[in-house]
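Below: one structure, written as C-alpha cells.
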Amino acid sequence: MHKNYGENDALIDVDLRVAKGEFVYVTGPSGAGKSTLLKLLYGAEHPTGGKLLVGGVDASKLSQRQLPFLRRNVGVVFQDFKLIQRRTVLDNVGLSLEVLGMARSEIDRRVRAVLGVVGLRGKEKRYPTQLSGGEQQRVAVARGIVNDPAILLADEPTGNLDGAMAVEVMEILQAINLRGTTVMIATHDVGLMERFPARRVRFEGGKLVRDR
Amino acid sequence: MKPALWAHLVRRAVRSLWENLYLNAVAAGVIGAAVTLVGVFLMIMVNLSELVDAWDRDVHVSAYFYTDVPVDRRFAVKDDVGRLEEVHSVRYISEVEARAWLIERLPEIDRVLEALGDDVLPASLEITLQDGATRPSDIESFASRIASEDFERIDYGQEWVQRFNSFLSLLQLLGVAMGFLILTAAVFLVGNTMHLVTYARRAELETMKLVGATWIFIAIPFFLEGIVQGVVGSSAAIGALFVLHRFLLVRLQTALQLALGGQVLDFLTPGWLAVLVLSGVVLGVCGSLISVRRFWQAAP
C-alpha cells in the first residue's frame, strides 16, 4: 500500500498484516507515517495505491456512504480525545451507540457498564472540563469500545498523560484486547512498550522498517 | 428507520435550535425578509391581475349619436343593435343622463358645462358584449358593423386594457425573475448563516462522523431546523404582509378610488399564503442542507 500527498510520500510500499485479536504497537519518530496509517485504517484517508483490507472490507474503495459502516467496527481513541465539551460523559460515550439508533435506556445501560470498565463509574453526569486529562482519555477509550468494535485504534493515547495515568490507560487497552478486540496503538513511548510488551511495527520516513 | 433513531434526531434538532438560538433567529429573519419581499410583489401582481380581469369583464362599446338624430330614431337603432347576437345588453343614455353622470363624479364641472351649452355631451348607446366577444379583433369588427350615419363616434377601451395586460405579463415575468433572484440570494444567506451553526458545532459533528454517523443522521436534524426556520420566518413574513395590507394598501385604495372603481385590494388567498410558507420551508431546508453538505464533504 502507498500513500502520498502531492509530491510527499507519507507511506511507501507498506506490506502489513495484523491478525484478529492481536495487540500491535505502531512506532517511529514524528512524521514517520504512524498517524497516516491509523487514518487510513478508519477511513479518514484513502491509499493512493495498493490495497487496504480492514476486517475483510476493502477500505481503499469505500465511498462516503459506506464509510460509517466501517467506522462502526473500528473504535478510535484520539490523542486530543475529541470529546464534545457541551455534552456530559454519558452523552459523549453514548454517541457511538446513538448513531446506531439504539434506544436511550439501552444506551444508558451500556454506557454505565463501560464506564465501570474504565473506572469512571459515578461520573456520568460530569462534563469533560470537570475531568482530569487521564479521565478524559478514559472517556475517549470508553467511547471507542462501547459498541464492541472488532478493532480499536489509538493514536498516542498516553501522549498527554503522566506516568501513572498512562499505565492506567494501557491496562484498560490490554484488558480490552484480552476480550478479543484487535488493538493498534501508535506511540513512541518506549517505556510503556517495555512494560506492556507486544508486537511492534516501526516506521521511518514512511517505510515499514521493522516488525517484531 | 428505527423509532429510537428518530427520537435521537428530533432531540438533536431541538437541542441545536435552542443552543444556537441567535443564529437560528438570524436565519429565520433572512427567510422572513425574502418571503416578505416576494409576498409584497405577489400581492401587487394578484391585485393588478384581478383589476385587469374586472376591467376586461366590464368592457363595453359606447356609440355617440349625432345631436340631430331624432329620439325615436335613436331608440330604433338601440333595438337593432340589441338584436345582434354578440350583444349582451344595450342601454340608452340621454344627454341629461350623461350630464348628471359627469356632474356626480366631478361636481365642479357643472359651471363649465353650463357655459358650453346643453348639447355638449351627446346621447349614446352603452353596449355590453357577450363574454365570448370581448377580444380586441371582435370588438373592432363589431364597431365597424354598427357604424352608421347616426353615430358621430364609437369608442371602446379594449385596446387599452389589452396593452395594460401585455404590460402586466411583462411585469409578471420580471416578478418571477426577481422572485427567483431574491430566493436564490436568500438560500445563500441562510446557507452562510447555517454555516456558522455548523461551524459552532463542527467538533461535535466531526466526532459523530468519526464514530460512524451516516449522512442522514447528521443531516436530518439540520433538515428539521430548516423546516422550523422556514415556518417561523414565513409566518413572520405573512404577519408583516398582513400589517402592510391593513395599514398601507387600504390607505392606497382610498387614494386610488377612481382608478379602482370600487375594486377592493385583496390580501393573499390561503393558497398563496401556503405557497409563501412552502417557499420559506424550502429556503430553510436548502440553506441548512447546503451548509451541512459542505461540512460533510470537508470533515475526515
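Residue numbering restarts at 1 for every chain of the C-alpha cells, chains are lettered A, B, ... in their displayed order, and ligands are numbered from 1 as they appear.
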Chain A residues near chain B (8 Å cut-off, only C-alpha atoms) as a PyMOL selection string: chain A and resi 43-45+65+67-72+75-76+82-84+95-96+98-104+144
As an NGL selection string, list the residues of region 83-150 of chain B assigned to helix (DSSP H, G or I) by DSSP on the backbone atoms of this structure. :B and (83 or 95-105 or 107-116 or 118-120 or 131-133 or 136-146)
If you run DSSP on this backbone, which residues of chain A come out as strand (DSSP E), and could you give them as a ChimeraX atom specification? /A:3-5,8-11,23-27,53-54,57-58,74-77,151-155,182-186,199-204,207-211
Computed interatomic separation between CA of Tyr42 (chain A) and CA of Asp13 (chain A) (Å):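 Separation between CA of Tyr42 (chain A) and CA of Asp13 (chain A): 19.1 Å.
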Shell of 8 Å around region 141-155 of chain B, only C-alpha atoms, local chain residues under 5 positions omitted, as a PyMOL selection string: chain B and resi 61-66+69+74+81
Take the selection from the previous step and output its residues with C-alpha atoms, as an mmCIF file, in the first residue's frame.
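Contents of result.cif, as written:
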data_model
loop_
_atom_site.group_PDB
_atom_site.id
_atom_site.type_symbol
_atom_site.label_atom_id
_atom_site.label_comp_id
_atom_site.auth_asym_id
_atom_site.auth_seq_id
_atom_site.Cartn_x
_atom_site.Cartn_y
_atom_site.Cartn_z
ATOM 1 C CA VAL B 61 -68.744 49.911 -26.556
ATOM 2 C CA SER B 62 -70.048 53.484 -26.431
ATOM 3 C CA ALA B 63 -71.683 54.756 -29.591
ATOM 4 C CA TYR B 64 -72.357 58.524 -29.567
ATOM 5 C CA PHE B 65 -75.296 59.879 -31.619
ATOM 6 C CA TYR B 66 -75.130 62.985 -33.733
ATOM 7 C CA VAL B 69 -80.665 62.295 -34.730
ATOM 8 C CA ARG B 74 -82.185 56.597 -31.576
ATOM 9 C CA VAL B 81 -78.228 46.823 -32.040
#
Could you pull the residues within 10 Å of Val197 (chain B), counting only C-alpha atoms, minus those fewer than 4 positions along the same chain, as a list in words?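 Listed by chain and then number, they are Ser16, Leu17, Glu19, Asn20, Leu21, Tyr22, Leu23, Asn24, Ala27, Gly191, Asn192, Thr193, Arg201, Arg202, Phe222, Ser288, Ser291 and Val292 of chain B.
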Applying 6 Å and only C-alpha atoms, which residues near region 196-207 of chain A remain after dropping the ones on its own chain fewer than 2 positions away? List them as a compact mmCIF listing (two decimals) with C-alpha atoms, in the first residue's frame.
# COMPACT_ATOMS: atom_id res chain seq x y z
CA ALA A 10 3.60 9.54 3.64
CA LEU A 11 3.68 5.73 3.35
CA ILE A 12 5.83 3.85 0.87
CA VAL A 24 0.24 -4.11 17.97
CA TYR A 25 2.32 -1.00 18.59
CA VAL A 26 2.97 1.26 15.62
CA THR A 27 6.15 3.14 16.44
CA GLY A 28 8.58 5.55 14.91
CA ALA A 32 7.22 8.55 10.14
CA GLY A 33 3.67 7.75 8.98
CA LEU A 192 5.26 1.75 28.06
CA MET A 193 6.08 -0.70 25.27
CA GLU A 194 8.58 -2.39 27.55
CA VAL A 209 11.47 -0.81 8.68
CA ARG A 210 10.98 -3.31 11.48
CA ASP A 211 8.30 -5.79 12.54
CA ARG A 212 8.87 -7.85 15.64
Excluding Ala175 (chain A) and its own-chain neighbours fewer than 2 positions away, which residues fall within 12 Å of it when counting only C-alpha atoms? Please give them as a PyMOL selection string. chain A and resi 21+23+117-118+141+145+168-173+177-183+196
Would you kindly return, as a list in words, each protein, DNA or RNA residue with an atom no farther than 7 Å from any atom of region 2-8 of chain A, considering only C-alpha atoms and excluding same-chain residues fewer than 5 positions away?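 Within the cut-off, the hits are Asp13, Val14, Pro47, Thr48, Gly49 and Gly50 of chain A.
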Rounded to one decimal, what separation in Å do you get between CA of Asp108 (chain A) and CA of Gln136 (chain A)?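 Calculated distance between CA of Asp108 (chain A) and CA of Gln136 (chain A) is 18.6 Å.
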Distance CA of Ser49 (chain B)-CA of Arg105 (chain B), one decimal place? 25.7 Å
Can you work out which one of B:Ala13, B:Val38, B:Ile220, B:Ala28 has the shortest atom-to-atom distance to Gly284 (chain B), counting only C-alpha atoms?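 Nearest to Gly284 (chain B): B:Ala28.
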